[in-house]
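K.L.:
File follows, protein07.cif with mmCIF, C-alpha atoms and all ligand atoms:
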data_structure
loop_
_atom_site.label_atom_id
_atom_site.label_comp_id
_atom_site.auth_asym_id
_atom_site.auth_seq_id
_atom_site.Cartn_x
_atom_site.Cartn_y
_atom_site.Cartn_z
CA MET V 1 4.59 35.94 -4.89
CA SER V 2 3.50 33.46 -7.53
CA ALA V 3 5.59 32.86 -10.62
CA THR V 4 4.36 34.30 -13.91
CA ARG V 5 2.43 31.84 -16.03
CA SER V 6 5.13 31.44 -18.67
CA SER V 7 7.94 30.90 -16.12
CA ARG V 8 6.13 28.24 -14.10
CA PRO V 9 7.42 24.68 -14.55
CA LYS V 10 4.91 22.29 -16.10
CA VAL V 11 3.91 19.44 -13.78
CA LEU V 12 1.86 16.54 -15.11
CA MET V 13 -0.81 15.22 -12.72
CA VAL V 14 -1.15 11.49 -13.42
CA SER V 15 -3.29 11.16 -10.32
CA SER V 16 -5.12 13.90 -8.48
CA MET V 17 -4.48 15.25 -4.99
CA PRO V 18 -6.71 17.03 -2.46
CA GLU V 19 -7.46 20.71 -3.04
CA TRP V 20 -5.37 21.61 0.04
CA ASP V 21 -2.33 20.48 -2.00
CA LEU V 22 -3.48 21.58 -5.44
CA ALA V 23 -4.11 25.20 -4.38
CA PRO V 24 -0.49 25.92 -3.33
CA MET V 25 0.84 23.83 -6.22
CA ARG V 26 -1.09 25.98 -8.74
CA GLU V 27 0.73 29.04 -7.36
CA ALA V 28 4.12 27.58 -8.27
CA TYR V 29 3.50 25.25 -11.22
CA ASP V 30 1.46 24.91 -14.35
CA LEU V 31 -0.51 21.75 -13.43
CA ILE V 32 -1.61 19.66 -16.40
CA ASP V 33 -3.90 16.64 -16.05
CA LEU V 34 -2.89 13.53 -17.99
CA PRO V 35 -5.51 13.10 -20.75
CA ALA V 36 -7.58 9.90 -20.73
CA ASP V 37 -5.89 8.78 -23.97
CA GLY V 38 -2.41 9.12 -22.45
CA PRO V 39 0.55 11.36 -23.26
CA SER V 40 -0.14 11.37 -27.04
CA GLY V 41 -3.00 13.80 -26.34
CA LEU V 42 -0.71 16.24 -24.50
CA ALA V 43 0.07 19.45 -26.43
CA SER V 44 2.84 20.35 -23.95
CA ALA V 45 4.48 16.89 -23.61
CA ALA V 46 7.89 18.31 -24.60
CA ASP V 47 7.84 20.80 -21.70
CA ILE V 48 6.70 18.58 -18.80
CA ALA V 49 9.44 18.85 -16.16
CA ALA V 50 7.94 16.71 -13.37
CA LEU V 51 5.02 14.40 -12.77
CA VAL V 52 2.92 13.51 -9.75
CA THR V 53 1.46 10.03 -9.56
CA SER V 54 0.03 7.60 -7.01
CA GLY V 55 1.16 4.14 -5.96
CA GLY V 56 -1.77 2.69 -7.92
CA LYS V 57 -1.15 4.58 -11.17
CA GLY V 58 2.65 4.78 -11.20
CA ALA V 59 4.43 5.72 -14.43
CA ASP V 60 5.24 3.16 -17.12
CA ALA V 61 8.07 3.28 -19.66
CA ALA V 62 5.80 4.60 -22.43
CA LEU V 63 4.79 7.61 -20.33
CA ILE V 64 8.33 8.34 -19.12
CA GLU V 65 9.76 8.08 -22.64
CA ALA V 66 7.01 10.35 -24.05
CA LEU V 67 8.21 13.25 -21.84
CA PRO V 68 11.70 14.29 -23.00
CA ALA V 69 12.13 17.09 -20.40
CA LEU V 70 10.94 14.95 -17.46
CA ALA V 71 13.40 15.04 -14.55
CA LEU V 72 11.27 14.07 -11.52
CA ILE V 73 8.54 11.53 -10.75
CA THR V 74 7.07 12.12 -7.31
CA VAL V 75 4.83 9.36 -5.95
CA TYR V 76 1.98 10.28 -3.58
CA GLY V 77 2.43 7.04 -1.63
CA VAL V 78 5.26 4.83 -0.37
CA GLY V 79 4.88 1.94 -2.86
CA TYR V 80 6.57 2.66 -6.20
CA ASP V 81 6.10 -0.78 -7.75
CA LYS V 82 4.14 0.71 -10.66
CA VAL V 83 6.89 3.17 -11.57
CA ASP V 84 9.23 1.69 -14.18
CA LEU V 85 12.53 2.39 -12.40
CA ASP V 86 14.59 1.02 -15.30
CA ALA V 87 12.97 3.49 -17.68
CA ALA V 88 13.36 6.31 -15.14
CA SER V 89 17.06 5.50 -14.73
CA ARG V 90 17.56 5.25 -18.50
CA CYS V 91 15.92 8.65 -18.98
CA ASN V 92 17.77 10.19 -16.00
CA VAL V 93 14.58 10.87 -14.04
CA ALA V 94 14.64 11.04 -10.21
CA VAL V 95 11.89 9.25 -8.27
CA THR V 96 10.57 10.15 -4.80
CA ASN V 97 7.89 8.68 -2.52
CA THR V 98 6.24 9.43 0.85
CA PRO V 99 7.68 6.99 3.43
CA ASP V 100 7.25 7.08 7.24
CA VAL V 101 4.35 9.55 7.41
CA LEU V 102 1.81 6.83 6.51
CA THR V 103 3.31 3.96 8.54
CA ASN V 104 1.07 4.31 11.60
CA ASP V 105 -2.22 4.54 9.72
CA VAL V 106 -1.43 1.58 7.46
CA ALA V 107 -0.41 -0.47 10.50
CA ASP V 108 -3.66 0.54 12.21
CA MET V 109 -5.57 -0.72 9.17
CA ALA V 110 -3.93 -4.15 9.53
CA LEU V 111 -5.13 -4.28 13.15
CA ALA V 112 -8.59 -2.99 12.20
CA LEU V 113 -8.97 -5.72 9.55
CA THR V 114 -7.74 -8.39 11.96
CA LEU V 115 -10.23 -7.34 14.66
CA ALA V 116 -13.09 -6.87 12.20
CA LEU V 117 -12.48 -10.34 10.76
CA SER V 118 -11.90 -12.28 13.97
CA ARG V 119 -14.71 -10.56 15.95
CA ARG V 120 -17.06 -10.42 12.92
CA ILE V 121 -17.70 -6.70 13.38
CA VAL V 122 -19.24 -6.24 9.92
CA ASP V 123 -21.62 -9.22 10.39
CA GLY V 124 -22.65 -7.83 13.78
CA ASP V 125 -23.36 -4.40 12.29
CA THR V 126 -25.45 -6.01 9.54
CA LEU V 127 -27.42 -8.05 12.09
CA VAL V 128 -28.21 -5.01 14.25
CA ARG V 129 -29.24 -2.89 11.24
CA SER V 130 -31.45 -5.66 9.83
CA GLY V 131 -33.64 -5.57 12.94
CA ALA V 132 -33.17 -9.34 13.36
CA TRP V 133 -31.10 -9.13 16.58
CA SER V 134 -34.02 -10.37 18.70
CA GLU V 135 -34.54 -13.46 16.51
CA LYS V 136 -30.97 -14.37 15.63
CA SER V 137 -27.76 -14.57 17.61
CA MET V 138 -24.25 -14.16 16.31
CA PRO V 139 -21.92 -17.18 16.24
CA LEU V 140 -19.10 -17.03 18.79
CA THR V 141 -15.98 -15.38 17.38
CA GLY V 142 -12.18 -15.75 17.67
CA SER V 143 -9.72 -14.10 20.08
CA ILE V 144 -6.63 -12.13 19.16
CA SER V 145 -4.96 -12.35 22.56
CA GLY V 146 -2.47 -15.16 22.96
CA ARG V 147 -2.31 -15.95 19.25
CA LYS V 148 0.73 -16.27 17.03
CA ILE V 149 1.14 -13.42 14.53
CA GLY V 150 3.35 -13.93 11.46
CA ILE V 151 4.50 -10.81 9.60
CA VAL V 152 5.64 -11.20 5.99
CA GLY V 153 7.98 -8.24 5.38
CA LEU V 154 9.36 -6.56 8.49
CA GLY V 155 9.86 -3.13 6.95
CA ARG V 156 8.59 0.13 8.45
CA ILE V 157 4.93 -0.88 8.25
CA GLY V 158 5.55 -4.55 9.15
CA GLU V 159 7.43 -3.51 12.27
CA ALA V 160 4.70 -1.03 13.27
CA ILE V 161 2.12 -3.82 12.87
CA ALA V 162 4.20 -6.16 15.03
CA ASN V 163 4.56 -3.50 17.74
CA ARG V 164 0.80 -3.01 17.82
CA PHE V 165 0.16 -6.76 18.16
CA VAL V 166 2.56 -6.90 21.13
CA GLY V 167 -0.07 -4.88 22.99
CA PHE V 168 -2.54 -7.74 22.40
CA ASP V 169 -0.34 -10.27 24.28
CA THR V 170 0.51 -12.14 21.12
CA GLU V 171 3.65 -13.97 20.00
CA ILE V 172 5.37 -12.39 16.98
CA GLY V 173 7.24 -14.18 14.21
CA TYR V 174 8.33 -12.83 10.84
CA TRP V 175 9.87 -13.57 7.48
CA ASN V 176 12.03 -10.88 5.91
CA ARG V 177 14.20 -10.91 2.76
CA SER V 178 17.24 -9.57 4.61
CA PRO V 179 18.27 -10.40 8.20
CA LYS V 180 16.96 -8.19 11.01
CA PRO V 181 19.69 -8.71 13.62
CA LEU V 182 18.23 -6.14 16.03
CA SER V 183 14.81 -7.76 16.16
CA SER V 184 13.97 -9.88 19.20
CA TRP V 185 11.08 -11.54 17.36
CA ARG V 186 11.33 -15.02 15.92
CA ALA V 187 12.64 -15.18 12.34
CA PHE V 188 11.44 -17.91 9.92
CA PRO V 189 13.32 -19.02 6.80
CA THR V 190 10.35 -18.86 4.39
CA PRO V 191 6.83 -17.42 4.26
CA ALA V 192 5.50 -21.03 4.27
CA THR V 193 7.30 -22.01 7.49
CA LEU V 194 6.09 -18.78 9.07
CA ALA V 195 2.50 -19.54 7.99
CA ALA V 196 2.70 -23.09 9.39
CA TRP V 197 3.60 -21.59 12.81
CA ALA V 198 1.25 -18.57 12.73
CA ASP V 199 -2.47 -18.26 13.54
CA ILE V 200 -2.68 -14.92 11.73
CA LEU V 201 -0.45 -14.07 8.76
CA VAL V 202 -0.10 -10.35 7.95
CA VAL V 203 1.46 -9.36 4.62
CA ALA V 204 3.37 -6.05 4.67
CA VAL V 205 6.07 -6.69 2.06
CA ALA V 206 6.69 -4.29 -0.85
CA GLY V 207 5.00 -4.99 -4.20
CA GLY V 208 6.84 -5.29 -7.51
CA ASN V 209 8.05 -8.01 -9.86
CA ASP V 210 10.16 -9.80 -7.22
CA THR V 211 7.30 -10.35 -4.77
CA VAL V 212 4.53 -11.42 -7.17
CA GLY V 213 2.80 -14.43 -5.57
CA LEU V 214 5.29 -14.47 -2.67
CA VAL V 215 2.44 -15.74 -0.49
CA ASN V 216 1.73 -18.75 -2.69
CA ALA V 217 -0.67 -21.71 -2.47
CA GLU V 218 1.76 -23.67 -0.26
CA THR V 219 1.95 -20.77 2.23
CA ILE V 220 -1.82 -20.25 2.26
CA VAL V 221 -2.49 -23.97 2.87
CA ALA V 222 0.18 -24.03 5.60
CA LEU V 223 -1.80 -21.39 7.52
CA GLY V 224 -4.42 -24.02 8.25
CA ARG V 225 -8.20 -24.23 8.78
CA ASP V 226 -8.26 -21.72 11.68
CA GLY V 227 -5.78 -19.35 10.05
CA LEU V 228 -6.49 -15.75 9.08
CA LEU V 229 -4.69 -13.87 6.30
CA ILE V 230 -4.43 -10.07 6.33
CA ASN V 231 -3.03 -8.10 3.37
CA ILE V 232 -2.28 -4.37 3.45
CA SER V 233 0.68 -4.54 1.00
CA ARG V 234 -0.30 -5.01 -2.66
CA GLY V 235 -2.71 -7.43 -4.36
CA THR V 236 0.22 -8.85 -6.32
CA THR V 237 2.03 -10.26 -3.25
CA ILE V 238 -0.55 -13.02 -2.73
CA ASP V 239 -1.54 -15.72 -5.24
CA GLU V 240 -5.11 -14.41 -5.37
CA ALA V 241 -6.54 -17.42 -7.23
CA ALA V 242 -5.11 -19.73 -4.55
CA LEU V 243 -6.46 -17.43 -1.82
CA ILE V 244 -9.99 -17.44 -3.25
CA ALA V 245 -9.87 -21.25 -3.60
CA ALA V 246 -8.73 -21.57 0.04
CA LEU V 247 -11.48 -19.24 1.26
CA GLU V 248 -14.16 -21.05 -0.76
CA SER V 249 -13.11 -24.50 0.47
CA GLY V 250 -12.48 -23.52 4.10
CA THR V 251 -8.78 -24.37 3.79
CA ILE V 252 -8.22 -21.17 5.82
CA ALA V 253 -10.77 -19.45 8.08
CA GLY V 254 -10.80 -15.98 6.55
CA ALA V 255 -9.05 -12.97 5.08
CA GLY V 256 -8.99 -9.22 5.73
CA LEU V 257 -7.93 -7.41 2.58
CA ASP V 258 -7.15 -3.76 1.86
CA VAL V 259 -5.48 -4.51 -1.48
CA PHE V 260 -6.40 -6.65 -4.50
CA LEU V 261 -5.44 -7.41 -8.06
CA ASN V 262 -7.20 -5.14 -10.59
CA GLU V 263 -8.43 -2.50 -8.14
CA PRO V 264 -11.16 -1.31 -8.15
CA ALA V 265 -12.61 -3.99 -10.47
CA ILE V 266 -11.70 -6.83 -8.10
CA ASP V 267 -12.47 -10.51 -8.63
CA ARG V 268 -16.23 -10.76 -8.07
CA ARG V 269 -15.89 -14.06 -6.23
CA PHE V 270 -14.72 -12.07 -3.19
CA LEU V 271 -18.17 -10.44 -3.01
CA SER V 272 -20.02 -13.65 -2.22
CA LEU V 273 -17.58 -14.92 0.42
CA GLY V 274 -18.80 -14.74 4.01
CA ASN V 275 -15.35 -15.14 5.54
CA VAL V 276 -13.71 -11.95 4.27
CA VAL V 277 -13.57 -8.29 5.25
CA LEU V 278 -12.94 -6.12 2.19
CA SER V 279 -11.54 -2.59 2.34
CA PRO V 280 -11.11 -0.33 -0.74
CA HIS V 281 -7.36 0.38 -0.34
CA GLN V 282 -7.80 2.74 2.62
CA GLY V 283 -4.53 2.08 4.48
CA SER V 284 -3.20 5.65 4.34
CA ALA V 285 -6.56 7.35 3.84
CA THR V 286 -6.82 9.60 6.90
CA VAL V 287 -6.87 13.39 6.80
CA ALA V 288 -3.69 13.72 8.87
CA THR V 289 -1.70 11.22 6.81
CA ARG V 290 -2.89 12.47 3.44
CA ARG V 291 -1.94 16.01 4.51
CA ALA V 292 1.53 14.81 5.51
CA MET V 293 1.91 12.83 2.26
CA GLY V 294 0.90 15.90 0.24
CA GLU V 295 3.44 18.03 2.10
CA LEU V 296 6.17 15.54 1.19
CA VAL V 297 5.18 15.55 -2.49
CA ARG V 298 5.28 19.36 -2.48
CA ALA V 299 8.59 19.40 -0.58
CA ASN V 300 10.13 17.07 -3.19
CA LEU V 301 8.85 19.24 -6.06
CA ALA V 302 10.12 22.43 -4.38
CA ALA V 303 13.55 20.93 -3.65
CA HIS V 304 13.85 19.62 -7.20
CA PHE V 305 13.06 22.98 -8.82
CA ALA V 306 15.36 24.79 -6.35
CA GLY V 307 18.22 22.41 -7.22
CA GLU V 308 18.32 21.12 -3.63
CA THR V 309 18.60 17.59 -2.23
CA LEU V 310 15.32 15.70 -2.54
CA PRO V 311 13.85 14.87 0.90
CA THR V 312 12.70 11.29 0.17
CA THR V 313 14.50 9.83 -2.82
CA VAL V 314 13.91 6.37 -4.27
CA LEU V 315 16.08 6.97 -7.35
CA HIS V 316 18.61 9.75 -7.91
CA ARG V 317 19.41 11.40 -11.24
CA HIS V 318 22.86 10.34 -12.39
CA ARG V 319 23.91 13.24 -14.58
P1 LIG V 401 9.69 -0.53 3.58
O1 LIG V 401 10.01 0.02 4.92
O2 LIG V 401 10.57 -0.17 2.44
O3 LIG V 401 9.60 -2.12 3.72
C1 LIG V 401 9.51 -2.92 2.58
C2 LIG V 401 9.51 -4.37 3.01
O4 LIG V 401 9.42 -5.16 1.82
C3 LIG V 401 10.79 -4.80 3.73
O5 LIG V 401 10.48 -5.87 4.58
C4 LIG V 401 11.65 -5.25 2.56
O6 LIG V 401 12.66 -6.18 2.93
C5 LIG V 401 10.62 -5.94 1.71
N1 LIG V 401 11.02 -6.03 0.32
C6 LIG V 401 11.29 -5.02 -0.52
N2 LIG V 401 11.64 -5.50 -1.73
C7 LIG V 401 11.60 -6.85 -1.62
C8 LIG V 401 11.88 -7.90 -2.53
N3 LIG V 401 12.26 -7.64 -3.77
N4 LIG V 401 11.75 -9.18 -2.10
C9 LIG V 401 11.36 -9.43 -0.83
N5 LIG V 401 11.09 -8.47 0.09
C10 LIG V 401 11.21 -7.19 -0.32
O7 LIG V 401 8.24 -0.11 3.11
P2 LIG V 401 6.96 0.20 4.04
O8 LIG V 401 6.86 1.66 4.26
O9 LIG V 401 6.94 -0.74 5.19
O10 LIG V 401 5.79 -0.21 2.99
C11 LIG V 401 5.61 -1.56 2.64
C12 LIG V 401 4.56 -1.69 1.56
O11 LIG V 401 3.26 -1.41 2.07
C13 LIG V 401 4.69 -0.69 0.40
O12 LIG V 401 5.68 -1.07 -0.53
C14 LIG V 401 3.30 -0.70 -0.19
O13 LIG V 401 3.21 -1.70 -1.18
C15 LIG V 401 2.41 -1.08 0.99
N6 LIG V 401 1.53 0.03 1.38
C16 LIG V 401 0.18 -0.15 1.36
C17 LIG V 401 -0.67 0.89 1.74
C18 LIG V 401 -2.17 0.72 1.77
O14 LIG V 401 -2.86 1.71 1.66
N7 LIG V 401 -2.68 -0.48 1.93
C19 LIG V 401 -0.13 2.12 2.12
C20 LIG V 401 1.25 2.26 2.14
C21 LIG V 401 2.08 1.20 1.77
P3 LIG V 401 14.16 -5.69 3.29
O15 LIG V 401 14.13 -5.34 4.76
O16 LIG V 401 15.00 -6.88 2.98
O17 LIG V 401 14.47 -4.51 2.39
#
Could I get this structure in the form of structure tokens?
Ligand code: NAP

P.N.:
Amino acid sequence: MSATRSSRPKVLMVSSMPEWDLAPMREAYDLIDLPADGPSGLASAADIAALVTSGGKGADAALIEALPALALITVYGVGYDKVDLDAASRCNVAVTNTPDVLTNDVADMALALTLALSRRIVDGDTLVRSGAWSEKSMPLTGSISGRKIGIVGLGRIGEAIANRFVGFDTEIGYWNRSPKPLSSWRAFPTPATLAAWADILVVAVAGGNDTVGLVNAETIVALGRDGLLINISRGTTIDEAALIAALESGTIAGAGLDVFLNEPAIDRRFLSLGNVVLSPHQGSATVATRRAMGELVRANLAAHFAGETLPTTVLHRHR
């Protein structure tokens, strides 16, 4: 039975979700969309008990502080770099995310970008569609097998990417902030030393203030003229200006990118580069994964309002 309108908790939707999630959520909660002009336009700001946001939108300090009854931020995504955790902690707001359920699809995207880039799948598609196949041949492309793969950030997704590349008869190396004593793969002391060894560098590290520009100009140059750079993490983790310069000058061979600074209004110089494959942040965007992510968001909301332990907590309430 659904709760009566007046008794339903108010949940602020900072980002939307598919109808298959919204329909059951409307039964239990009073869903309120965040107005375009922000929380100042919200008549019910004082009564908002929880908010749902995405990795891309997050929740900044101004939003958190404008909602005095807020007790839960639930992120529809694993990356919470755009949620101000200091403000959430100060205001005693719990934060949850959707780990694990998206790992496989995001790892698959890293492999898809690597194959599309090295085998020039998009260029081949364009050639066939143009009708020019009989007049023009494709240049020869690069192999994946036997190459050295460097993973920056051996977390859940980084490890899933490495495991997939093992099936391509590659050598795996990695850089990780903390030691990974159980890993049999080769550890490198810095992203730059990893890049100097690797043929293909795959960035899977978390976003946030601490990893801004982690893959810097030195690391990009160290990858070398035949090197490929793949990023499925966040646009912030790579020095994007240095990356564009390296792609324009041929300092590296190419890049496969699912994430950028200023999505979706990305740097227009990417659009005229012939040595990139560009994906509009689609890492977790499959039906199965989005359903599983939605279920986790709803499970966190339900547990919170039932006073139960939150299934996937990033930050606990402290009082
Ligand atoms: P995870 O298991 O928590 O792994 C995070 C990785 O980042 C670990 O290697 C961790 O190192 C490292 N890390 C965290 N904070 C760091 C810091 N301050 N300095 C250096 N390294 C740091 O997360 P995951 O599930 O693998 O997800 C990784 C990232 O992928 C997410 O944060 C998100 O940005 C991105 N992502 C992208 C998409 C997409 O659609 N393209 C989808 C989902 C996720 P330690 O082992 O030392 O903690």

K.L.:
Residues near range 97-99 of chain V, anyone? I mean within 9 Å using all atoms listed in the file, not counting same-chain ones fewer than 4 positions away, as a ChimeraX atom specification.

P.N.:
/V:55,73-80,103,156,292-294,296-297,300,312-314

K.L.:
Take the point (-15.2, -4.1, 1.6) as written in the file and pick out every residue within 12 Å of it, counting all atoms listed in the file; give the list as a ChimeraX atom specification.

P.N.:
/V:113,116-117,122,255-260,263-264,266,268,270-282

K.L.:
I need the residue nearest Ala49 in chain V from this list: V:Leu70, V:Leu243, V:Ala94, V:Leu111. Use all atoms listed in the file for the distance.

P.N.:
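For Ala49 in chain V, the nearest of the candidates is V:Leu70.
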
K.L.:
In Å, rounded to a single decimal, give me how far atom O16 of ligand LIG 401 (chain V) is from CA of Asp84 in chain V.

P.N.:
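About the pair CA of Asp84 in chain V and atom O16 of ligand LIG 401 (chain V): they are 20.0 Å apart.
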
K.L.:
Which residues are near ligand LIG 401 (chain V) - at most 8 Å, using all atoms listed in the file? Format: as a PyMOL selection string.

P.N.:
chain V and resi 55+77-81+99-100+102-103+106+109+152-159+176-180+204-211+231-234+258-259+281-285

K.L.:
Show me, as JSON lines, the residues of range 210-305 of chain V having an atom within 12 Å of range 9-17 of chain V, each with the closest atom pair and its distance in Å, using only C-alpha atoms.

P.N.:
{"residue": "V:Arg290", "atom": "CA", "partner": "V:Met17", "partner_atom": "CA", "distance": 9.0}
{"residue": "V:Arg291", "atom": "CA", "partner": "V:Met17", "partner_atom": "CA", "distance": 9.9}
{"residue": "V:Met293", "atom": "CA", "partner": "V:Met17", "partner_atom": "CA", "distance": 10.0}
{"residue": "V:Gly294", "atom": "CA", "partner": "V:Met17", "partner_atom": "CA", "distance": 7.5}
{"residue": "V:Glu295", "atom": "CA", "partner": "V:Met17", "partner_atom": "CA", "distance": 11.0}
{"residue": "V:Val297", "atom": "CA", "partner": "V:Met17", "partner_atom": "CA", "distance": 10.0}
{"residue": "V:Arg298", "atom": "CA", "partner": "V:Met17", "partner_atom": "CA", "distance": 10.9}
{"residue": "V:Leu301", "atom": "CA", "partner": "V:Val11", "partner_atom": "CA", "distance": 9.2}
{"residue": "V:Ala302", "atom": "CA", "partner": "V:Pro9", "partner_atom": "CA", "distance": 10.8}
{"residue": "V:His304", "atom": "CA", "partner": "V:Pro9", "partner_atom": "CA", "distance": 11.0}
{"residue": "V:Phe305", "atom": "CA", "partner": "V:Pro9", "partner_atom": "CA", "distance": 8.2}

K.L.:
Provide the CA of Ala196 in chain V to CA of Ser145 in chain V distance in Å, to one decimal place.

P.N.:
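Between these atoms lies a distance of 18.6 Å.
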
K.L.:
Near Leu261 in chain V, within 10 Å and counting only C-alpha atoms, which residues show up once chain neighbours fewer than 5 positions away are dropped, as a VMD selection string?

P.N.:
chain V and resid 234 to 240 266 to 267

K.L.:
Which polymer residues have any atom within 9 Å of an atom of Gly173 in chain V, counting all atoms listed in the file, with same-chain residues fewer than 5 positions away left out, as a list in words?

P.N.:
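Near neighbours after the sequence-gap exclusion: Lys148, Ile149, Gly150, Ile151, Val152, Ala162, Trp185, Arg186, Ala187, Phe188, Leu194, Trp197 and Ala198 of chain V.
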
K.L.:
Using Å and a single decimal, report how far CA of Ala192 in chain V sits from CA of Gly224 in chain V.

P.N.:
11.1 Å

K.L.:
Might you pull out every residue within 9 Å of range 123-127 of chain V, with all atoms listed in the file counted and same-chain residues fewer than 3 positions away left off, and present them as an MDAnalysis selection string?

P.N.:
chainID V and resid 119:120 130:133 136:138 274

K.L.:
Looking at V:Pro68, V:Ala112, V:Gly227, V:Asp47, which one is nearest to Asp30 in chain V, with distances taken over all atoms listed in the file?

P.N.:
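Among the listed residues, the smallest separation from Asp30 in chain V belongs to V:Asp47.
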
K.L.:
Is it possible to get the residues within 10 Å of (8.6, 11.8, -20.7) (coordinates as in the file, counting all atoms listed in the file) written as a list in words?

P.N.:
Leu12, Pro39, Ala45, Ala46, Asp47, Ile48, Ala49, Ala50, Leu51, Ala59, Asp60, Ala61, Ala62, Leu63, Ile64, Glu65, Ala66, Leu67, Pro68, Ala69, Leu70, Ala71, Leu72, Ile73, Ala87, Ala88, Cys91 and Val93 of chain V

K.L.:
Restricted to N, CA and C atoms, what does range 225-242 of chain V look like when written out as a PDB file, in the first residue's frame?

P.N.:
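Written output follows (result_2.pdb):
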ATOM      1  N   ARG V 225      55.437   7.611 -28.852  1.00  0.00           N
ATOM      2  CA  ARG V 225      54.773   7.873 -30.142  1.00  0.00           C
ATOM      3  C   ARG V 225      53.791   6.777 -30.550  1.00  0.00           C
ATOM      4  N   ASP V 226      54.013   5.532 -30.093  1.00  0.00           N
ATOM      5  CA  ASP V 226      53.084   4.447 -30.447  1.00  0.00           C
ATOM      6  C   ASP V 226      52.057   4.199 -29.344  1.00  0.00           C
ATOM      7  N   GLY V 227      52.116   4.981 -28.287  1.00  0.00           N
ATOM      8  CA  GLY V 227      51.289   4.723 -27.108  1.00  0.00           C
ATOM      9  C   GLY V 227      49.835   5.136 -27.292  1.00  0.00           C
ATOM     10  N   LEU V 228      48.956   4.388 -26.643  1.00  0.00           N
ATOM     11  CA  LEU V 228      47.518   4.713 -26.630  1.00  0.00           C
ATOM     12  C   LEU V 228      47.099   4.996 -25.195  1.00  0.00           C
ATOM     13  N   LEU V 229      46.223   5.986 -25.035  1.00  0.00           N
ATOM     14  CA  LEU V 229      45.720   6.346 -23.703  1.00  0.00           C
ATOM     15  C   LEU V 229      44.204   6.155 -23.689  1.00  0.00           C
ATOM     16  N   ILE V 230      43.733   5.406 -22.698  1.00  0.00           N
ATOM     17  CA  ILE V 230      42.292   5.142 -22.566  1.00  0.00           C
ATOM     18  C   ILE V 230      41.848   5.723 -21.228  1.00  0.00           C
ATOM     19  N   ASN V 231      40.742   6.471 -21.221  1.00  0.00           N
ATOM     20  CA  ASN V 231      40.238   7.008 -19.944  1.00  0.00           C
ATOM     21  C   ASN V 231      38.755   6.707 -19.774  1.00  0.00           C
ATOM     22  N   ILE V 232      38.457   5.902 -18.736  1.00  0.00           N
ATOM     23  CA  ILE V 232      37.043   5.662 -18.379  1.00  0.00           C
ATOM     24  C   ILE V 232      36.772   6.176 -16.960  1.00  0.00           C
ATOM     25  N   SER V 233      37.708   6.952 -16.377  1.00  0.00           N
ATOM     26  CA  SER V 233      37.562   7.352 -14.969  1.00  0.00           C
ATOM     27  C   SER V 233      36.774   8.658 -14.848  1.00  0.00           C
ATOM     28  N   ARG V 234      37.476   9.775 -14.922  1.00  0.00           N
ATOM     29  CA  ARG V 234      36.883  11.112 -14.917  1.00  0.00           C
ATOM     30  C   ARG V 234      37.780  11.994 -15.783  1.00  0.00           C
ATOM     31  N   GLY V 235      37.198  13.014 -16.419  1.00  0.00           N
ATOM     32  CA  GLY V 235      37.997  13.932 -17.224  1.00  0.00           C
ATOM     33  C   GLY V 235      39.091  14.607 -16.419  1.00  0.00           C
ATOM     34  N   THR V 236      38.832  14.800 -15.130  1.00  0.00           N
ATOM     35  CA  THR V 236      39.782  15.532 -14.277  1.00  0.00           C
ATOM     36  C   THR V 236      41.100  14.791 -14.056  1.00  0.00           C
ATOM     37  N   THR V 237      41.120  13.468 -14.218  1.00  0.00           N
ATOM     38  CA  THR V 237      42.317  12.706 -13.832  1.00  0.00           C
ATOM     39  C   THR V 237      43.464  12.851 -14.830  1.00  0.00           C
ATOM     40  N   ILE V 238      43.161  13.377 -16.016  1.00  0.00           N
ATOM     41  CA  ILE V 238      44.199  13.599 -17.035  1.00  0.00           C
ATOM     42  C   ILE V 238      44.344  15.098 -17.252  1.00  0.00           C
ATOM     43  N   ASP V 239      45.591  15.560 -17.436  1.00  0.00           N
ATOM     44  CA  ASP V 239      45.831  16.944 -17.854  1.00  0.00           C
ATOM     45  C   ASP V 239      45.366  17.037 -19.309  1.00  0.00           C
ATOM     46  N   GLU V 240      44.130  17.519 -19.493  1.00  0.00           N
ATOM     47  CA  GLU V 240      43.498  17.457 -20.814  1.00  0.00           C
ATOM     48  C   GLU V 240      44.204  18.359 -21.837  1.00  0.00           C
ATOM     49  N   ALA V 241      44.701  19.503 -21.382  1.00  0.00           N
ATOM     50  CA  ALA V 241      45.425  20.386 -22.311  1.00  0.00           C
ATOM     51  C   ALA V 241      46.677  19.672 -22.819  1.00  0.00           C
ATOM     52  N   ALA V 242      47.388  18.992 -21.910  1.00  0.00           N
ATOM     53  CA  ALA V 242      48.597  18.264 -22.321  1.00  0.00           C
ATOM     54  C   ALA V 242      48.227  17.099 -23.234  1.00  0.00           C
TER      55      ALA V 242
END
